[in-house]
>>> print(open('coords_10.txt').read())   # compact mmCIF, C-alpha atoms
# COMPACT_ATOMS: atom_id res chain seq x y z
CA MET C 1 -19.38 -94.96 22.91
CA GLY C 2 -20.97 -96.80 25.74
CA SER C 3 -18.21 -99.29 26.41
CA SER C 4 -18.50 -98.52 30.09
CA GLN C 5 -22.15 -99.54 30.06
CA GLN C 6 -21.76 -103.14 28.97
CA ALA C 7 -19.32 -105.96 29.48
CA ALA C 8 -16.69 -106.32 26.77
CA ARG C 9 -15.57 -109.44 24.98
CA ALA C 10 -13.21 -111.53 27.12
CA PHE C 11 -9.60 -111.83 26.03
CA PRO C 12 -9.15 -115.28 24.48
CA PRO C 13 -7.06 -117.75 26.49
CA GLY C 14 -4.03 -119.45 25.01
CA ILE C 15 -0.85 -118.45 23.19
CA HIS C 16 -0.65 -115.04 21.53
CA VAL C 17 2.43 -113.91 19.62
CA PRO C 18 3.75 -110.35 19.40
CA SER C 19 4.67 -110.52 15.74
CA LEU C 20 8.06 -109.24 14.72
CA THR C 21 8.07 -106.39 12.21
CA TRP C 22 10.54 -106.80 9.36
CA PHE C 23 12.32 -103.92 7.63
CA THR C 24 14.35 -103.52 4.47
CA ASN C 25 18.05 -102.74 4.69
CA GLY C 26 17.90 -99.39 2.89
CA ALA C 27 18.53 -96.01 4.45
CA SER C 28 14.82 -95.46 5.13
CA GLN C 29 14.27 -98.96 6.58
CA GLU C 30 10.78 -99.34 5.12
CA VAL C 31 8.64 -102.28 6.23
CA ASP C 32 9.54 -105.39 4.22
CA TRP C 33 5.93 -106.18 3.35
CA GLU C 34 6.80 -109.34 1.41
CA LEU C 35 8.65 -110.86 4.36
CA GLN C 36 6.01 -109.55 6.75
CA GLU C 37 3.31 -111.44 4.90
CA ARG C 38 5.46 -114.57 4.82
CA HIS C 39 6.00 -114.40 8.58
CA LEU C 40 2.33 -113.75 9.35
CA THR C 41 1.38 -116.70 7.16
CA PHE C 42 3.70 -118.90 9.22
CA LEU C 43 2.35 -117.63 12.55
CA ILE C 44 -1.32 -117.93 11.67
CA GLY C 45 -0.81 -121.33 10.06
CA SER C 46 0.90 -122.59 13.23
CA GLY C 47 -2.35 -122.57 15.20
CA LEU C 48 -1.63 -119.71 17.57
CA HIS C 49 -4.63 -118.39 19.49
CA GLY C 50 -4.02 -114.76 18.61
CA ILE C 51 -1.70 -112.26 16.93
CA VAL C 52 -0.40 -109.08 18.54
CA ILE C 53 0.63 -106.29 16.18
CA ALA C 54 2.91 -103.42 17.27
CA GLY C 55 4.00 -104.87 20.58
CA THR C 56 7.49 -104.50 21.99
CA ASN C 57 8.84 -107.27 19.76
CA GLY C 58 7.09 -105.56 16.86
CA GLU C 59 9.08 -102.37 17.56
CA ALA C 60 5.89 -100.39 18.15
CA VAL C 61 7.66 -97.16 19.07
CA THR C 62 9.29 -97.02 15.63
CA LEU C 63 6.11 -97.57 13.61
CA THR C 64 3.99 -94.87 12.06
CA GLN C 65 0.25 -94.98 12.51
CA ASP C 66 -0.23 -95.84 8.83
CA GLU C 67 2.21 -98.74 9.13
CA LYS C 68 0.33 -100.10 12.15
CA LEU C 69 -2.97 -99.94 10.31
CA LYS C 70 -1.52 -101.66 7.25
CA LEU C 71 -0.10 -104.40 9.48
CA ILE C 72 -3.57 -104.97 10.98
CA THR C 73 -5.28 -105.19 7.59
CA MET C 74 -2.53 -107.48 6.26
CA THR C 75 -2.90 -109.78 9.26
CA ARG C 76 -6.65 -110.05 8.74
CA ARG C 77 -6.17 -110.68 5.02
CA VAL C 78 -3.59 -113.42 5.64
CA ALA C 79 -5.83 -114.97 8.31
CA THR C 80 -8.81 -115.01 5.98
CA ARG C 81 -6.77 -116.62 3.23
CA ALA C 82 -5.60 -119.25 5.74
CA GLY C 83 -9.17 -120.09 6.72
CA ARG C 84 -8.94 -118.32 10.08
CA PRO C 85 -10.75 -115.02 9.42
CA ASP C 86 -11.74 -114.57 13.06
CA ILE C 87 -8.34 -115.00 14.70
CA PRO C 88 -8.10 -112.38 17.47
CA ILE C 89 -5.87 -109.46 16.55
CA THR C 90 -4.52 -107.23 19.31
CA VAL C 91 -2.68 -104.01 18.51
CA GLY C 92 -0.39 -101.93 20.69
CA CYS C 93 -1.97 -98.52 21.23
CA SER C 94 0.42 -96.78 23.57
CA GLY C 95 1.49 -93.17 23.71
CA GLN C 96 2.20 -90.19 25.89
CA CYS C 97 -1.13 -88.41 25.43
CA THR C 98 -4.51 -89.87 26.40
CA ARG C 99 -6.24 -88.11 23.52
CA ASP C 100 -3.88 -89.63 20.95
CA VAL C 101 -4.11 -93.13 22.44
CA ILE C 102 -7.91 -92.96 22.26
CA ALA C 103 -7.77 -91.77 18.65
CA GLU C 104 -5.52 -94.70 17.78
CA THR C 105 -7.91 -97.22 19.36
CA LYS C 106 -10.61 -96.00 17.01
CA LEU C 107 -8.39 -96.33 13.97
CA ALA C 108 -7.32 -99.80 15.11
CA LYS C 109 -10.95 -100.85 15.35
CA GLU C 110 -11.66 -99.58 11.84
CA ALA C 111 -8.65 -101.51 10.50
CA GLY C 112 -9.91 -104.77 12.05
CA ALA C 113 -8.33 -105.06 15.50
CA ASP C 114 -10.24 -106.89 18.25
CA PHE C 115 -8.28 -105.71 21.30
CA VAL C 116 -5.72 -103.03 22.17
CA LEU C 117 -2.67 -103.37 24.40
CA MET C 118 -1.69 -100.26 26.41
CA LEU C 119 1.46 -99.29 28.26
CA VAL C 120 1.57 -96.73 31.04
CA PRO C 121 2.47 -93.29 29.60
CA SER C 122 5.92 -92.57 30.98
CA TYR C 123 7.49 -89.45 29.50
CA PHE C 124 6.25 -87.47 32.50
CA HIS C 125 6.97 -90.41 34.80
CA PHE C 126 7.72 -88.10 37.70
CA ALA C 127 4.08 -86.95 37.64
CA MET C 128 2.46 -90.34 37.09
CA THR C 129 1.09 -91.26 40.50
CA LYS C 130 -0.94 -94.41 41.06
CA ASP C 131 -4.15 -92.39 40.74
CA SER C 132 -3.03 -90.76 37.48
CA ILE C 133 -2.08 -94.13 35.99
CA VAL C 134 -5.44 -95.63 36.91
CA ALA C 135 -7.22 -92.55 35.56
CA PHE C 136 -5.38 -92.89 32.25
CA PHE C 137 -6.50 -96.48 31.73
CA GLU C 138 -10.07 -95.73 32.82
CA GLU C 139 -10.40 -92.73 30.52
CA ALA C 140 -8.91 -94.61 27.58
CA ALA C 141 -11.12 -97.62 28.21
CA ASP C 142 -14.22 -95.42 28.47
CA ALA C 143 -13.62 -94.20 24.93
CA SER C 144 -12.03 -97.21 23.24
CA PRO C 145 -14.34 -99.06 20.83
CA VAL C 146 -12.47 -102.31 21.54
CA PRO C 147 -11.52 -103.95 24.86
CA VAL C 148 -8.31 -102.88 26.56
CA VAL C 149 -5.51 -105.13 27.83
CA ILE C 150 -3.10 -103.44 30.24
CA TYR C 151 0.56 -103.93 29.35
CA ASN C 152 2.59 -103.89 32.56
CA TYR C 153 6.24 -103.61 31.56
CA PRO C 154 8.04 -101.39 34.09
CA THR C 155 11.42 -101.75 32.36
CA VAL C 156 10.30 -99.70 29.34
CA VAL C 157 8.17 -97.14 31.22
CA ALA C 158 10.70 -95.66 33.64
CA GLY C 159 9.93 -98.25 36.30
CA LEU C 160 6.22 -97.45 36.61
CA ASP C 161 4.41 -100.54 37.85
CA VAL C 162 0.70 -101.32 37.85
CA ASP C 163 0.48 -103.05 41.21
CA SER C 164 -2.20 -105.45 42.50
CA GLU C 165 -4.20 -102.70 44.15
CA MET C 166 -4.37 -100.75 40.89
CA LEU C 167 -5.17 -103.87 38.90
CA ASP C 168 -8.01 -104.70 41.27
CA ARG C 169 -9.60 -101.32 40.57
CA LEU C 170 -8.99 -101.45 36.82
CA ALA C 171 -10.37 -104.99 36.56
CA LYS C 172 -13.76 -103.62 37.57
CA HIS C 173 -13.95 -101.53 34.41
CA PRO C 174 -16.13 -103.42 31.91
CA ASN C 175 -13.92 -102.49 28.95
CA ILE C 176 -10.61 -103.49 30.58
CA VAL C 177 -10.37 -107.24 30.12
CA GLY C 178 -6.88 -108.32 31.13
CA VAL C 179 -3.24 -107.61 31.81
CA LYS C 180 -0.01 -108.78 30.23
CA LEU C 181 2.51 -109.12 33.06
CA THR C 182 5.96 -108.56 31.61
CA CYS C 183 6.96 -107.61 35.13
CA GLY C 184 7.19 -111.32 35.97
CA GLY C 185 4.75 -110.82 38.85
CA ILE C 186 3.28 -114.25 39.32
CA ALA C 187 1.76 -113.20 42.65
CA LYS C 188 -0.36 -110.74 40.68
CA VAL C 189 -1.70 -113.65 38.62
CA SER C 190 -2.91 -115.49 41.69
CA ARG C 191 -4.43 -112.38 43.25
CA ILE C 192 -6.32 -111.62 40.03
CA ALA C 193 -7.54 -115.22 39.73
CA ALA C 194 -8.73 -115.14 43.34
CA SER C 195 -11.01 -112.19 42.62
CA TYR C 196 -12.02 -112.37 38.95
CA THR C 197 -13.09 -115.04 36.50
CA PRO C 198 -11.31 -115.00 33.12
CA ASP C 199 -14.47 -113.92 31.32
CA LYS C 200 -14.25 -110.65 33.28
CA PHE C 201 -10.52 -110.06 33.67
CA SER C 202 -7.58 -112.33 32.87
CA ALA C 203 -3.86 -112.38 33.62
CA LEU C 204 -1.31 -113.42 31.02
CA ALA C 205 2.35 -114.24 31.48
CA GLY C 206 4.61 -111.79 29.68
CA GLN C 207 7.05 -114.57 28.79
CA SER C 208 6.56 -118.22 27.99
CA ASP C 209 9.26 -119.39 30.44
CA TRP C 210 6.75 -119.10 33.30
CA LEU C 211 3.64 -120.20 31.41
CA VAL C 212 3.05 -123.33 33.51
CA PRO C 213 3.52 -121.48 36.82
CA ALA C 214 1.09 -118.80 35.64
CA LEU C 215 -1.49 -121.36 34.50
CA SER C 216 -1.16 -123.19 37.81
CA VAL C 217 -2.40 -120.15 39.75
CA GLY C 218 -5.16 -119.09 37.38
CA GLY C 219 -3.43 -117.40 34.46
CA THR C 220 -5.02 -117.85 31.04
CA GLY C 221 -2.00 -117.98 28.75
CA THR C 222 0.85 -115.85 27.49
CA ILE C 223 1.86 -113.22 24.98
CA THR C 224 5.34 -114.40 24.07
CA GLY C 225 7.94 -113.42 21.52
CA VAL C 226 9.29 -116.99 21.51
CA ALA C 227 6.22 -117.99 19.51
CA ASN C 228 7.73 -116.13 16.55
CA LEU C 229 9.99 -119.17 16.19
CA TYR C 230 8.51 -121.99 18.29
CA PRO C 231 4.71 -121.52 18.22
CA LYS C 232 3.85 -125.21 18.34
CA THR C 233 6.00 -125.80 21.43
CA CYS C 234 4.27 -122.95 23.26
CA ILE C 235 0.85 -124.23 22.19
CA GLN C 236 1.75 -127.77 23.24
CA ILE C 237 2.67 -126.67 26.76
CA TYR C 238 -0.65 -124.85 27.07
CA LYS C 239 -2.67 -127.77 25.71
CA LEU C 240 -0.92 -130.33 27.91
CA PHE C 241 -1.62 -128.26 31.01
CA VAL C 242 -5.27 -127.65 30.13
CA ALA C 243 -5.68 -131.38 29.49
CA GLY C 244 -4.43 -132.13 33.00
CA LYS C 245 -1.07 -133.47 31.84
CA VAL C 246 0.88 -131.24 34.20
CA LYS C 247 3.99 -133.44 34.39
CA GLU C 248 4.36 -133.45 30.60
CA ALA C 249 3.65 -129.73 30.37
CA THR C 250 6.26 -129.01 33.03
CA ALA C 251 8.91 -131.10 31.31
CA LEU C 252 8.40 -129.21 28.05
CA GLN C 253 8.26 -125.92 29.97
CA LEU C 254 11.71 -126.56 31.40
CA GLU C 255 13.12 -127.14 27.93
CA LEU C 256 11.50 -123.97 26.63
CA ALA C 257 12.76 -121.94 29.59
CA LYS C 258 16.37 -122.77 28.69
CA THR C 259 15.73 -121.66 25.13
CA GLU C 260 13.94 -118.47 26.11
CA TRP C 261 17.06 -117.24 27.85
CA GLY C 262 18.54 -116.77 24.39
CA PHE C 263 15.68 -114.49 23.38
CA ALA C 264 15.80 -112.58 26.67
CA LYS C 265 19.56 -112.00 26.63
CA GLY C 266 19.68 -111.49 22.88
CA GLY C 267 17.14 -108.68 22.95
CA ILE C 268 14.86 -107.77 20.07
CA ASN C 269 17.72 -107.55 17.59
CA GLY C 270 19.00 -110.97 18.68
CA THR C 271 15.50 -112.41 18.49
CA LYS C 272 15.02 -111.11 14.96
CA TRP C 273 18.43 -112.32 13.87
CA VAL C 274 17.96 -115.86 15.18
CA VAL C 275 14.39 -116.14 13.88
CA ALA C 276 15.61 -115.07 10.44
CA LYS C 277 18.56 -117.47 10.67
CA LEU C 278 16.56 -120.54 11.72
CA ARG C 279 13.58 -119.83 9.46
CA GLY C 280 15.64 -119.03 6.39
CA TYR C 281 14.60 -115.40 6.07
CA PRO C 282 16.89 -112.89 4.32
CA GLU C 283 19.46 -111.70 6.86
CA GLU C 284 19.43 -108.19 5.39
CA SER C 285 15.82 -107.79 6.61
CA CYS C 286 16.46 -108.87 10.20
CA HIS C 287 17.75 -105.61 11.63
CA CYS C 288 15.78 -103.40 14.00
CA ARG C 289 15.02 -99.85 13.04
CA ARG C 290 17.80 -97.54 14.14
CA PRO C 291 19.00 -96.53 16.65
CA TYR C 292 18.55 -100.09 18.02
CA PRO C 293 22.01 -101.63 17.43
CA ARG C 294 22.57 -104.48 15.03
CA PHE C 295 23.11 -108.00 16.29
CA ASP C 296 26.29 -108.50 14.28
CA ASN C 297 28.81 -109.84 16.78
CA VAL C 298 29.82 -113.28 15.53
CA ALA C 299 30.38 -114.69 19.02
CA GLN C 300 26.92 -113.51 20.10
CA GLN C 301 25.39 -115.00 16.96
CA GLU C 302 27.02 -118.37 17.60
CA TRP C 303 25.91 -118.27 21.24
CA ILE C 304 22.26 -117.51 20.48
CA VAL C 305 22.03 -120.21 17.81
CA GLY C 306 23.47 -122.67 20.30
CA VAL C 307 20.97 -121.73 23.00
CA VAL C 308 17.88 -121.26 20.84
CA GLY C 309 18.50 -123.86 18.17
CA VAL C 310 18.30 -126.86 20.52
CA LEU C 311 14.49 -126.72 20.48
CA LYS C 312 14.27 -126.91 16.69
CA GLU C 313 13.75 -130.70 16.56
CA THR C 314 11.16 -130.59 19.35
CA GLU C 315 9.18 -127.99 17.42
CA LYS C 316 9.41 -130.04 14.25
CA SER C 317 8.17 -133.17 16.04
CA ILE C 318 4.92 -131.60 17.25
CA PRO C 319 2.13 -132.31 14.75
CA LEU C 320 0.20 -129.40 13.30
CA GLU C 321 -3.39 -130.05 14.27
CA THR C 322 -6.21 -129.32 11.91
CA LEU C 323 -7.79 -126.03 12.92
>>> encode(input="coords_10.txt", output="structure tokens")
Amino acid sequence: MGSSQQAARAFPPGIHVPSLTWFTNGASQEVDWELQERHLTFLIGSGLHGIVIAGTNGEAVTLTQDEKLKLITMTRRVATRAGRPDIPITVGCSGQCTRDVIAETKLAKEAGADFVLMLVPSYFHFAMTKDSIVAFFEEAADASPVPVVIYNYPTVVAGLDVDSEMLDRLAKHPNIVGVKLTCGGIAKVSRIAASYTPDKFSALAGQSDWLVPALSVGGTGTITGVANLYPKTCIQIYKLFVAGKVKEATALQLELAKTEWGFAKGGINGTKWVVAKLRGYPEESCHCRRPYPRFDNVAQQEWIVGVVGVLKETEKSIPLETL
């Protein structure tokens, strides 16, 4: 398709949210499309810089291809209705077969996605050498009709890590535009920033609790599940830092970091439960698709509300700027 012959669109800086996917409580756990639309309306209306569909928080591995495509088209429809028709939409296109990942990038493009987010294939992790990992991303990027963002999350891919040497090679591909570092590797951010400008290749924090540190060494933003509940707080940290108000940004960062521990320790099921609880969503639609266990321990529920809920008033106090 020629993606390797011309530079791709840069990944937009700022705060991107991996949208949660909501399911009904029936035996088949179908997507709760009514609640999904409600949640997307909240996210887009909060001023976030981009939406990620079918990320880890979106339970990508449980979604069918048709569900992913419907989520993309719904997100674009909600964004258009909200007066933000061009909000960047990124979709997780990860799999165990290069051919299938490439096919999904093409379907994502047709459905309205702007970028794709790719994990390292890991089923045959024992055979995935550094060269084979790099070759996977290069082959996928050659064929993808939309720019590729590498998703480096060793915990969910049998410990496979895209290290700085690999990132340096992949950054040279014109259709690979960035990396989400859920490995927590802030040194990778600085090494990327030392060699590449954000319009060519950008590094994003995988969690918002190290957003300011990442920005301070050349990162361009974050893709953070916390923004499912506290989007304005995340945006405020980013805006304060960009405006040169580092002290203020750091103070708010420290408050957010304490809260994010609740999301990290609670897991995806805890995140969904507390988001539903604090946003007034139906509790019966907050469960992950099985076999992910329910977050139904009362002591855990009380703990996560105590840790996460403290930022509620801060979020409420931040004005919603006109977009």
>>> residues_around(input="coords_10.txt", residues="stretch 51-61 of chain C", least_positions_apart="2", cutoff="10 Å", atoms="only C-alpha atoms", output="ChimeraX atom specification")
/C:15-22,40,43-44,48-49,63-65,67-69,71-72,75-76,79,87-95,113,115-119,151,153,156,223-226,228,267-269,271-272,288-289,292
>>> closest_residue(input="coords_10.txt", among="C:Thr24, C:Ser164, C:Thr314, C:Gln253", to="C:Leu240", atoms="only C-alpha atoms")
C:Gln253
>>> closest_atom_pairs(input="coords_10.txt", of="stretch 198-287 of chain C", to="stretch 296-301 of chain C", cutoff="9 Å", atoms="all atoms listed in the file", output="Markdown table")
| residue | atom | partner | partner_atom | distance |
| --- | --- | --- | --- | --- |
| C:Gly266 | CA | C:Gln300 | CA | 8.0 |
| C:Gly270 | CA | C:Gln301 | CA | 7.7 |
| C:Trp273 | CA | C:Gln301 | CA | 8.1 |
| C:Val274 | CA | C:Gln301 | CA | 7.7 |
>>> closest_residue(input="coords_10.txt", among="C:Glu302, C:Asp131, C:Glu34, C:Glu138", to="C:Gly262", atoms="only C-alpha atoms")
C:Glu302
>>> closest_residue(input="coords_10.txt", among="C:Tyr196, C:Phe42, C:Trp303, C:Trp261", to="C:Leu229", atoms="all atoms listed in the file")
C:Phe42
>>> atom_distance(input="coords_10.txt", atom1="atom CA of C:Ser46", atom2="atom CA of C:Cys183")
27.2 Å
>>> closest_residue(input="coords_10.txt", among="C:Phe23, C:Thr80, C:Ala205, C:Pro213", to="C:Tyr281", atoms="all atoms listed in the file")
C:Phe23
>>> closest_residue(input="coords_10.txt", among="C:Asn175, C:Thr62, C:Ala193, C:Ala227", to="C:Glu30", atoms="all atoms listed in the file")
C:Thr62
>>> closest_residue(input="coords_10.txt", among="C:Ala264, C:Gly112, C:Thr233, C:Ser190", to="C:Ala214", atoms="all atoms listed in the file")
C:Ser190
>>> atom_distance(input="coords_10.txt", atom1="atom CA of C:Leu35", atom2="atom CA of C:Leu256")
26.0 Å
>>> axis_aligned_box(input="coords_10.txt", around="stretch 294-310 of chain C", padding_each_side="5 Å", output="JSON")
{"center_x": 24.1, "center_y": -115.7, "center_z": 18.6, "size_x": 22.5, "size_y": 32.4, "size_z": 18.7}
>>> closest_atom_pairs(input="coords_10.txt", of="stretch 160-236 of chain C", to="stretch 141-150 of chain C", cutoff="8 Å", atoms="all atoms listed in the file", output="CSV")
residue,atom,partner,partner_atom,distance
C:His173,CA,C:Ala141,CA,7.9
C:Asn175,CA,C:Pro147,CA,5.0
C:Ile176,CA,C:Val148,CA,4.7
C:Val177,CA,C:Val149,CA,5.8
C:Gly178,CA,C:Val149,CA,4.8
C:Val179,CA,C:Ile150,CA,4.5
C:Lys180,CA,C:Ile150,CA,6.2
